[in-house]
$ cat work-v8.txt   # compact mmCIF, C-alpha atoms
# COMPACT_ATOMS: atom_id res chain seq x y z
CA MET A 257 24.37 18.49 -32.44
CA ALA A 258 23.53 17.94 -28.77
CA VAL A 259 23.58 14.35 -27.70
CA LEU A 260 22.23 12.25 -24.84
CA GLU A 261 24.24 9.61 -23.05
CA VAL A 262 21.79 6.78 -22.56
CA GLU A 263 22.22 3.58 -20.61
CA ILE A 264 19.71 0.84 -21.34
CA TRP A 265 19.27 -2.44 -19.52
CA ARG A 266 19.97 -5.34 -21.88
CA GLY A 267 19.37 -8.93 -20.93
CA ALA A 268 16.82 -11.64 -20.30
CA GLY A 269 15.44 -12.94 -17.02
CA GLY A 270 17.65 -12.01 -14.10
CA ASP A 271 20.75 -11.74 -16.27
CA GLY A 272 21.88 -8.59 -17.98
CA ALA A 273 23.92 -5.40 -17.97
CA TRP A 274 23.66 -1.68 -18.70
CA ARG A 275 24.75 -0.81 -22.22
CA ARG A 276 25.63 2.71 -23.37
CA TYR A 277 24.22 4.46 -26.42
CA THR A 278 24.62 7.96 -27.75
CA VAL A 279 21.39 9.41 -29.05
CA PRO A 280 20.80 12.79 -30.71
CA HIS A 281 19.01 15.20 -28.39
CA ARG A 282 15.99 16.79 -30.07
CA ALA A 283 13.47 19.36 -28.94
CA ASN A 284 10.38 17.95 -27.21
CA GLN A 285 11.88 14.46 -27.33
CA THR A 286 10.23 11.86 -25.12
CA VAL A 287 11.98 8.96 -23.40
CA LEU A 288 10.06 6.63 -25.70
CA ASP A 289 11.52 8.54 -28.68
CA VAL A 290 14.98 7.83 -27.29
CA VAL A 291 14.30 4.11 -26.93
CA THR A 292 12.77 4.00 -30.40
CA HIS A 293 15.81 5.77 -31.87
CA VAL A 294 18.11 3.16 -30.34
CA GLN A 295 16.05 0.32 -31.74
CA ARG A 296 15.60 1.80 -35.23
CA HIS A 297 19.07 3.25 -35.78
CA ILE A 298 21.53 1.54 -33.45
CA ASP A 299 20.43 -1.90 -32.30
CA PRO A 300 17.30 -3.52 -33.76
CA SER A 301 17.49 -6.35 -31.24
CA LEU A 302 16.34 -4.06 -28.39
CA ALA A 303 13.07 -5.32 -26.92
CA TYR A 304 10.54 -2.85 -25.52
CA ARG A 305 6.81 -2.34 -25.57
CA PHE A 306 4.56 0.53 -26.61
CA ALA A 307 1.31 1.04 -28.48
CA CYS A 308 -0.63 4.32 -28.40
CA ARG A 309 2.16 6.88 -27.78
CA VAL A 310 -0.39 9.27 -26.25
CA GLY A 311 -0.70 8.11 -22.64
CA MET A 312 -3.78 5.96 -22.96
CA CYS A 313 -2.76 2.35 -23.35
CA GLY A 314 -0.40 2.01 -20.39
CA SER A 315 2.07 -0.29 -22.13
CA CYS A 316 5.26 1.79 -22.35
CA ALA A 317 6.11 2.11 -18.65
CA MET A 318 9.81 1.78 -17.80
CA THR A 319 12.18 2.79 -15.05
CA VAL A 320 13.79 6.09 -16.04
CA ASN A 321 16.66 7.32 -13.88
CA GLY A 322 15.38 5.19 -11.03
CA ARG A 323 11.76 6.25 -11.25
CA PRO A 324 8.90 4.34 -12.90
CA ARG A 325 7.34 6.47 -15.63
CA TRP A 326 5.11 6.32 -18.70
CA THR A 327 7.82 6.93 -21.27
CA CYS A 328 5.59 8.24 -24.09
CA ARG A 329 4.51 11.22 -22.00
CA THR A 330 7.80 11.80 -20.23
CA HIS A 331 9.95 14.40 -21.92
CA VAL A 332 13.68 13.91 -21.79
CA SER A 333 13.94 17.38 -20.26
CA GLN A 334 11.86 16.17 -17.28
CA ALA A 335 13.80 12.99 -16.66
CA ALA A 336 17.40 13.49 -17.82
CA ARG A 337 20.09 14.46 -15.34
CA LYS A 338 22.99 16.32 -16.95
CA GLY A 339 22.12 14.89 -20.36
CA ARG A 340 22.11 11.35 -19.01
CA LEU A 341 19.35 8.80 -19.02
CA ARG A 342 19.32 5.34 -17.50
CA ILE A 343 16.38 3.34 -18.79
CA GLY A 344 15.51 -0.04 -17.30
CA PRO A 345 12.54 -2.39 -17.06
CA LEU A 346 9.83 -1.88 -14.41
CA ARG A 347 10.59 -3.12 -10.92
CA ASN A 348 8.55 -5.86 -9.18
CA LEU A 349 7.79 -7.71 -12.42
CA PRO A 350 9.75 -10.49 -14.16
CA VAL A 351 11.86 -9.22 -17.07
CA ILE A 352 11.21 -11.00 -20.34
CA ARG A 353 13.98 -9.24 -22.22
CA ASP A 354 15.59 -5.81 -22.09
CA LEU A 355 12.83 -3.29 -21.30
CA ALA A 356 9.87 -5.66 -21.71
CA VAL A 357 8.45 -7.07 -18.48
CA ASP A 358 5.90 -9.79 -17.99
CA THR A 359 2.82 -7.99 -16.63
CA ALA A 360 0.94 -11.24 -15.95
CA PRO A 361 1.52 -11.14 -12.14
CA PHE A 362 0.18 -7.58 -12.07
CA PHE A 363 -3.07 -8.58 -13.78
CA GLU A 364 -3.34 -11.92 -11.99
CA LYS A 365 -3.28 -10.15 -8.64
CA TRP A 366 -5.85 -7.71 -9.96
CA ARG A 367 -8.08 -10.67 -10.88
CA ASP A 368 -7.45 -12.53 -7.60
CA ALA A 369 -8.30 -9.41 -5.60
CA GLY A 370 -11.82 -9.57 -7.07
CA ALA A 371 -11.49 -6.12 -8.60
CA ARG A 372 -14.12 -6.77 -11.25
CA PHE A 373 -17.47 -5.10 -11.87
CA VAL A 374 -20.46 -7.27 -10.94
CA PRO A 375 -23.59 -6.24 -12.85
CA SER A 376 -26.75 -5.46 -10.90
CA ALA A 377 -30.26 -4.35 -11.93
CA THR A 378 -30.40 -2.54 -15.26
CA PRO A 379 -31.21 0.29 -15.17
CA PRO A 380 -30.07 1.09 -11.60
CA ASP A 381 -32.87 1.72 -9.08
CA ALA A 382 -32.13 5.44 -9.07
CA PRO A 383 -30.21 7.66 -11.47
CA VAL A 384 -26.54 7.99 -10.56
CA ARG A 385 -25.86 11.69 -10.16
CA PRO A 386 -22.30 12.78 -11.05
CA ASP A 387 -22.14 14.97 -7.95
CA GLU A 388 -23.19 12.39 -5.35
CA PRO A 389 -20.32 11.72 -2.93
CA GLU A 390 -19.87 8.06 -3.79
CA ARG A 391 -19.81 8.75 -7.52
CA ALA A 392 -17.24 11.46 -6.91
CA ALA A 393 -15.12 8.98 -4.92
CA ALA A 394 -15.40 6.41 -7.72
CA ASP A 395 -14.61 9.00 -10.40
CA ALA A 396 -11.46 10.03 -8.51
CA GLY A 397 -9.93 6.63 -9.19
CA ILE A 398 -11.52 5.57 -12.44
CA GLU A 399 -8.97 6.90 -14.95
CA CYS A 400 -6.42 4.16 -14.32
CA ILE A 401 -4.67 3.05 -17.52
CA ASN A 402 -3.26 -0.19 -16.02
CA CYS A 403 0.33 0.84 -16.73
CA ALA A 404 1.73 -0.85 -13.56
CA VAL A 405 3.80 2.21 -12.69
CA CYS A 406 2.29 2.23 -9.18
CA TYR A 407 2.96 -1.50 -8.86
CA ALA A 408 6.62 -0.92 -9.76
CA ALA A 409 6.92 2.04 -7.38
CA CYS A 410 5.44 0.25 -4.38
CA ASP A 411 7.71 -1.08 -1.60
CA SER A 412 4.88 -3.14 -0.12
CA VAL A 413 4.62 -4.99 -3.44
CA ALA A 414 8.39 -5.49 -3.42
CA TRP A 415 8.58 -7.10 0.00
CA ASN A 416 5.21 -8.81 0.32
CA PRO A 417 4.14 -11.33 -2.33
CA ASP A 418 0.63 -11.45 -0.81
CA TYR A 419 -0.05 -7.77 -1.44
CA PRO A 420 -2.39 -7.16 -4.41
CA GLY A 421 -0.84 -3.77 -5.21
CA PRO A 422 -2.16 -0.22 -5.51
CA ALA A 423 -3.91 -0.52 -8.88
CA ALA A 424 -6.04 -3.53 -7.95
CA LEU A 425 -7.09 -1.97 -4.64
CA ASN A 426 -7.78 1.38 -6.29
CA ARG A 427 -10.09 -0.43 -8.70
CA LEU A 428 -11.80 -2.21 -5.78
CA TRP A 429 -12.44 1.18 -4.17
CA THR A 430 -14.10 2.50 -7.33
CA LEU A 431 -16.38 -0.58 -7.33
CA VAL A 432 -17.23 -0.22 -3.63
CA ASN A 433 -18.39 3.32 -4.45
CA ASP A 434 -20.22 2.36 -7.64
CA ARG A 435 -23.94 2.12 -6.96
CA ARG A 436 -24.45 0.07 -10.13
CA ASP A 437 -22.13 -2.66 -8.84
CA GLY A 438 -23.97 -5.70 -7.49
CA ASP A 439 -21.49 -7.04 -4.95
CA ARG A 440 -20.28 -4.29 -2.64
CA ASP A 441 -20.11 -6.72 0.27
CA GLY A 442 -18.06 -9.22 -1.71
CA HIS A 443 -15.67 -6.49 -2.80
CA LEU A 444 -15.19 -5.38 0.82
CA GLU A 445 -14.66 -8.98 1.87
CA ALA A 446 -11.97 -9.29 -0.82
CA ALA A 447 -10.43 -5.95 0.15
CA GLY A 448 -10.16 -7.12 3.76
CA ALA A 449 -7.60 -9.70 2.72
CA GLY A 450 -5.22 -7.23 1.07
CA CYS A 451 -5.75 -3.60 1.92
CA HIS A 452 -4.19 -3.89 5.39
CA LEU A 453 -0.86 -4.80 3.83
CA CYS A 454 -0.51 -1.26 2.46
CA ARG A 455 1.94 0.75 4.57
CA SER A 456 0.74 4.14 3.23
CA HIS A 457 4.15 5.16 1.88
CA GLN A 458 2.33 6.95 -0.96
CA GLU A 459 4.86 5.90 -3.58
CA CYS A 460 1.93 4.96 -5.84
CA ALA A 461 0.33 8.39 -5.55
CA ASP A 462 3.69 10.02 -6.18
CA ALA A 463 4.38 7.95 -9.29
CA CYS A 464 0.92 7.64 -10.88
CA PRO A 465 1.20 9.27 -14.32
CA THR A 466 -2.51 10.11 -14.46
CA GLY A 467 -2.41 11.76 -11.05
CA LEU A 468 -4.57 9.23 -9.19
CA ASN A 469 -4.13 8.64 -5.48
CA PRO A 470 -4.33 4.90 -4.80
CA THR A 471 -3.13 5.46 -1.21
CA ALA A 472 -6.28 7.48 -0.52
CA ALA A 473 -8.39 4.77 -2.17
CA ILE A 474 -6.76 2.10 0.01
CA ALA A 475 -7.32 4.25 3.11
CA GLY A 476 -10.99 4.40 2.08
CA LEU A 477 -11.06 0.60 1.80
CA LYS A 478 -9.49 0.22 5.26
CA ARG A 479 -12.15 2.54 6.65
CA GLU A 480 -15.08 0.71 5.03
CA VAL A 481 -13.70 -2.74 5.86
CA PHE A 482 -13.36 -1.56 9.48
CA ARG A 483 -16.97 -0.37 9.48
CA ARG A 484 -18.17 -3.62 7.96
CA THR A 485 -16.13 -5.73 10.40
CA LEU A 486 -17.71 -3.99 13.37
CA GLY A 487 -21.17 -4.50 11.86
CA GLY A 488 -21.72 -0.91 10.74
CA GLY A 489 -23.20 -2.11 7.46
CA ALA A 490 -23.28 -0.26 4.19
CA ARG A 491 -23.02 3.49 4.36
CA GLY A 492 -25.85 5.30 2.59
CA ARG A 493 -26.24 2.52 0.06
CA ARG A 494 -29.51 0.96 -1.01
CA ARG A 495 -29.16 -2.67 -1.90
CA MET B 562 -11.93 -11.69 7.39
CA LYS B 563 -9.36 -12.57 10.05
CA GLU B 564 -7.10 -9.77 8.82
CA ALA B 565 -10.00 -7.32 9.02
CA TRP B 566 -10.67 -8.30 12.63
CA LEU B 567 -7.01 -8.03 13.59
CA PHE B 568 -6.87 -4.59 11.95
CA ALA B 569 -9.95 -3.50 13.90
CA ALA B 570 -8.56 -4.89 17.17
CA GLN B 571 -5.25 -3.11 16.64
CA ARG B 572 -6.87 0.23 15.80
CA ILE B 573 -9.26 0.08 18.76
CA SER B 574 -6.50 -0.92 21.19
CA ALA B 575 -4.44 1.97 19.79
CA LEU B 576 -7.36 4.28 20.55
CA VAL B 577 -7.28 3.08 24.15
CA LEU B 578 -3.49 3.22 24.39
CA ALA B 579 -2.99 6.74 23.04
CA PRO B 580 -4.41 8.68 26.04
CA LEU B 581 -3.06 6.11 28.51
CA VAL B 582 0.49 6.45 27.17
CA LEU B 583 0.25 10.23 27.52
CA LEU B 584 -1.06 9.84 31.06
CA HIS B 585 1.71 7.35 31.85
CA LEU B 586 4.39 9.72 30.53
CA GLY B 587 2.87 12.54 32.56
CA VAL B 588 2.96 10.41 35.69
CA ILE B 589 6.62 9.54 35.07
CA LEU B 590 7.53 13.23 34.77
CA HIS B 591 5.57 14.00 37.91
CA ALA B 592 6.83 11.02 39.92
CA VAL B 593 10.58 11.54 39.43
CA ARG B 594 10.63 15.19 40.52
CA GLY B 595 11.63 14.43 44.13
CA GLY B 596 13.69 11.30 43.36
CA LEU B 597 12.16 7.92 42.69
CA SER B 598 11.63 5.41 45.45
CA ALA B 599 9.56 2.27 45.98
CA GLU B 600 7.75 3.82 48.94
CA GLU B 601 6.77 6.83 46.89
CA ILE B 602 5.37 4.69 44.05
CA LEU B 603 3.53 2.36 46.38
CA SER B 604 2.06 5.26 48.34
CA ARG B 605 0.51 6.51 45.10
CA THR B 606 -0.71 3.20 43.70
CA GLY B 607 -1.41 1.16 46.85
CA GLY B 608 -5.12 0.62 47.42
CA SER B 609 -6.04 2.92 44.55
CA PRO B 610 -8.82 1.56 42.32
CA PHE B 611 -8.14 4.39 39.84
CA TRP B 612 -4.54 3.38 39.10
CA GLY B 613 -5.57 -0.26 39.15
CA VAL B 614 -8.13 0.34 36.41
CA VAL B 615 -5.82 2.64 34.41
CA TYR B 616 -2.89 0.24 34.34
CA GLY B 617 -5.11 -2.84 34.06
CA LEU B 618 -6.61 -1.31 30.90
CA PHE B 619 -3.14 -0.30 29.71
CA VAL B 620 -1.87 -3.87 30.03
CA LEU B 621 -4.93 -5.29 28.32
CA ALA B 622 -4.68 -2.90 25.38
CA ALA B 623 -0.92 -3.45 25.02
CA ALA B 624 -1.39 -7.23 25.11
CA VAL B 625 -3.84 -6.92 22.18
CA HIS B 626 -1.92 -4.26 20.27
CA ALA B 627 1.68 -5.46 20.39
CA PRO B 628 1.29 -9.05 19.10
CA ILE B 629 -0.74 -7.88 16.08
CA GLY B 630 1.95 -5.38 15.14
CA LEU B 631 4.75 -7.86 15.73
CA ARG B 632 2.86 -10.40 13.60
CA ALA B 633 2.77 -7.96 10.69
CA VAL B 634 6.50 -7.25 11.05
CA LEU B 635 7.41 -10.95 11.19
CA ARG B 636 5.21 -11.75 8.19
CA GLU B 637 6.76 -9.07 6.03
CA TRP B 638 10.35 -9.03 7.18
CA GLY B 639 10.73 -12.54 8.55
CA ARG B 640 8.67 -14.28 5.86
CA TRP B 641 7.00 -16.26 8.64
CA ARG B 642 3.43 -17.29 7.78
CA GLY B 643 0.75 -19.70 8.87
CA ALA B 644 -0.69 -21.12 12.06
CA GLY B 645 2.69 -21.32 13.82
CA LEU B 646 3.06 -17.55 13.71
CA ASP B 647 -0.51 -17.01 14.95
CA ILE B 648 0.01 -19.38 17.86
CA ALA B 649 3.34 -17.79 18.75
CA MET B 650 1.77 -14.33 18.69
CA ALA B 651 -1.19 -15.46 20.83
CA LEU B 652 1.31 -16.83 23.37
CA PHE B 653 3.28 -13.58 23.20
CA GLY B 654 0.09 -11.62 23.91
CA LEU B 655 -0.73 -13.93 26.81
CA LEU B 656 2.78 -13.46 28.20
CA LEU B 657 2.39 -9.67 28.07
CA LEU B 658 -0.99 -9.96 29.76
CA VAL B 659 0.26 -12.20 32.59
CA LEU B 660 3.47 -10.21 33.22
CA GLY B 661 1.59 -6.92 33.04
CA LEU B 662 -1.28 -7.89 35.30
CA ARG B 663 1.17 -9.41 37.77
CA ALA B 664 3.00 -6.10 37.93
CA VAL B 665 -0.28 -4.18 38.38
CA MET B 666 -1.34 -6.54 41.19
CA ALA B 667 2.02 -6.13 42.90
CA VAL B 668 1.76 -2.36 43.29
CA LEU B 669 -1.92 -2.20 44.23
$ encode --input "work-v8.txt" --output "structure tokens"
Amino acid sequence: MAVLEVEIWRGAGGDGAWRRYTVPHRANQTVLDVVTHVQRHIDPSLAYRFACRVGMCGSCAMTVNGRPRWTCRTHVSQAARKGRLRIGPLRNLPVIRDLAVDTAPFFEKWRDAGARFVPSATPPDAPVRPDEPERAAADAGIECINCAVCYAACDSVAWNPDYPGPAALNRLWTLVNDRRDGDRDGHLEAAGAGCHLCRSHQECADACPTGLNPTAAIAGLKREVFRRTLGGGARGRRR
Amino acid sequence: MKEAWLFAAQRISALVLAPLVLLHLGVILHAVRGGLSAEEILSRTGGSPFWGVVYGLFVLAAAVHAPIGLRAVLREWGRWRGAGLDIAMALFGLLLLVLGLRAVMAVL
């Protein structure tokens, strides 16, 4: 039977080492299947996190051969190099143990960036048409599953503790474009504190498992914050 | 809000700098064709309001643009934050402005 040579990061906090496992290679096997095999058949003490197994919950993200990925939807055939896999915890987040990271900083920055819907009049003053440009811009970023893959991929997050990260800013951009949101100005004010720290490396867009483009969203924020700073006011928005 | 203003100032000064840098490079290529001498430079710039305005604007834009960029680099790579950095960068901008305008005055 074909086998995979798998290295998995084992350890707590900053301490740990790569440990080798040999796992049977099966057809259509995902990286999450590999991790699960290790835990169920080789070493039950392995800590990792997953829930839905179908790419919706965003909890199974890990670093696979150096790249942050959603492991439940990543086939071994996509990620393995010469039958080898190296699976570690996500970058830019504190490791609790083995493959489980503490995502609190990710969500705390999201909260602190003000990336939260603020209700306005119900129903909205005019129907929101799916094809209006702002709705289209919001829709482009709305399918985020909060998996923190972009946060782990981002160099700006790695070297700047003040940077909110791609996911939080992407969410802000969807709110700025959402006509039902009651605090566009407040969201732009909040964006002004963080969006300029993005260096447009596009690592987030490259890594996003659902194919979103947070870099484009952040560029949109920079543009609107610029307009607002120079007194251009809201673009085509009724308040 | 301060960051938004600095971003705007840097982008606008970049807008001013882009054509001026191209013009400056063009002038360099043109000026060195027959060998470079002080007389030759001064004969072009001396008493010329055009070159005075061009390089005056150049210096002004550079004095705005450079400190904002350097501030971002020092914040991210030097982990230097706070009022001290802002003051140092304002002084750096002022230094560029004074040195630059002095040079412009000297060749007019």
$ atom_distance --input "work-v8.txt" --atom1 "atom CA of Gly272 of chain A" --atom2 "atom CA of Ile352 of chain A"
11.2 Å
$ interface_residues --input "work-v8.txt" --of "chain A" --to "chain B" --cutoff "10 Å" --atoms "all atoms listed in the file" --output "number ranges by chain"
A: 412, 415-418, 444-453, 478-479, 481-486
$ residues_around --input "work-v8.txt" --residues "Cys464 of chain A" --least-positions-apart "4" --cutoff "6 Å" --atoms "all atoms listed in the file" --output "number ranges by chain"
A: 406, 460, 468
$ residues_around --input "work-v8.txt" --residues "segment 369-372 of chain A" --least-positions-apart "5" --cutoff "8 Å" --atoms "all atoms listed in the file" --output "list in words"
Pro420, Ala424, Leu425, Arg427, Leu428, Leu431, His443, Ala446, Ala447 and Gly450 of chain A
$ atom_distance --input "work-v8.txt" --atom1 "atom CA of Pro324 of chain A" --atom2 "atom CA of Glu459 of chain A"
10.3 Å
$ closest_residue --input "work-v8.txt" --among "A:Val287, A:Val405, A:Leu349, A:Ala336" --to "Ala423 of chain A" --atoms "all atoms listed in the file"
A:Val405
$ atom_distance --input "work-v8.txt" --atom1 "atom CA of Asp395 of chain A" --atom2 "atom CA of Thr430 of chain A"
7.2 Å
$ residues_around --input "work-v8.txt" --residues "Val384 of chain A" --least-positions-apart "6" --cutoff "9 Å" --atoms "all atoms listed in the file" --output "ChimeraX atom specification"
/A:391,434-436
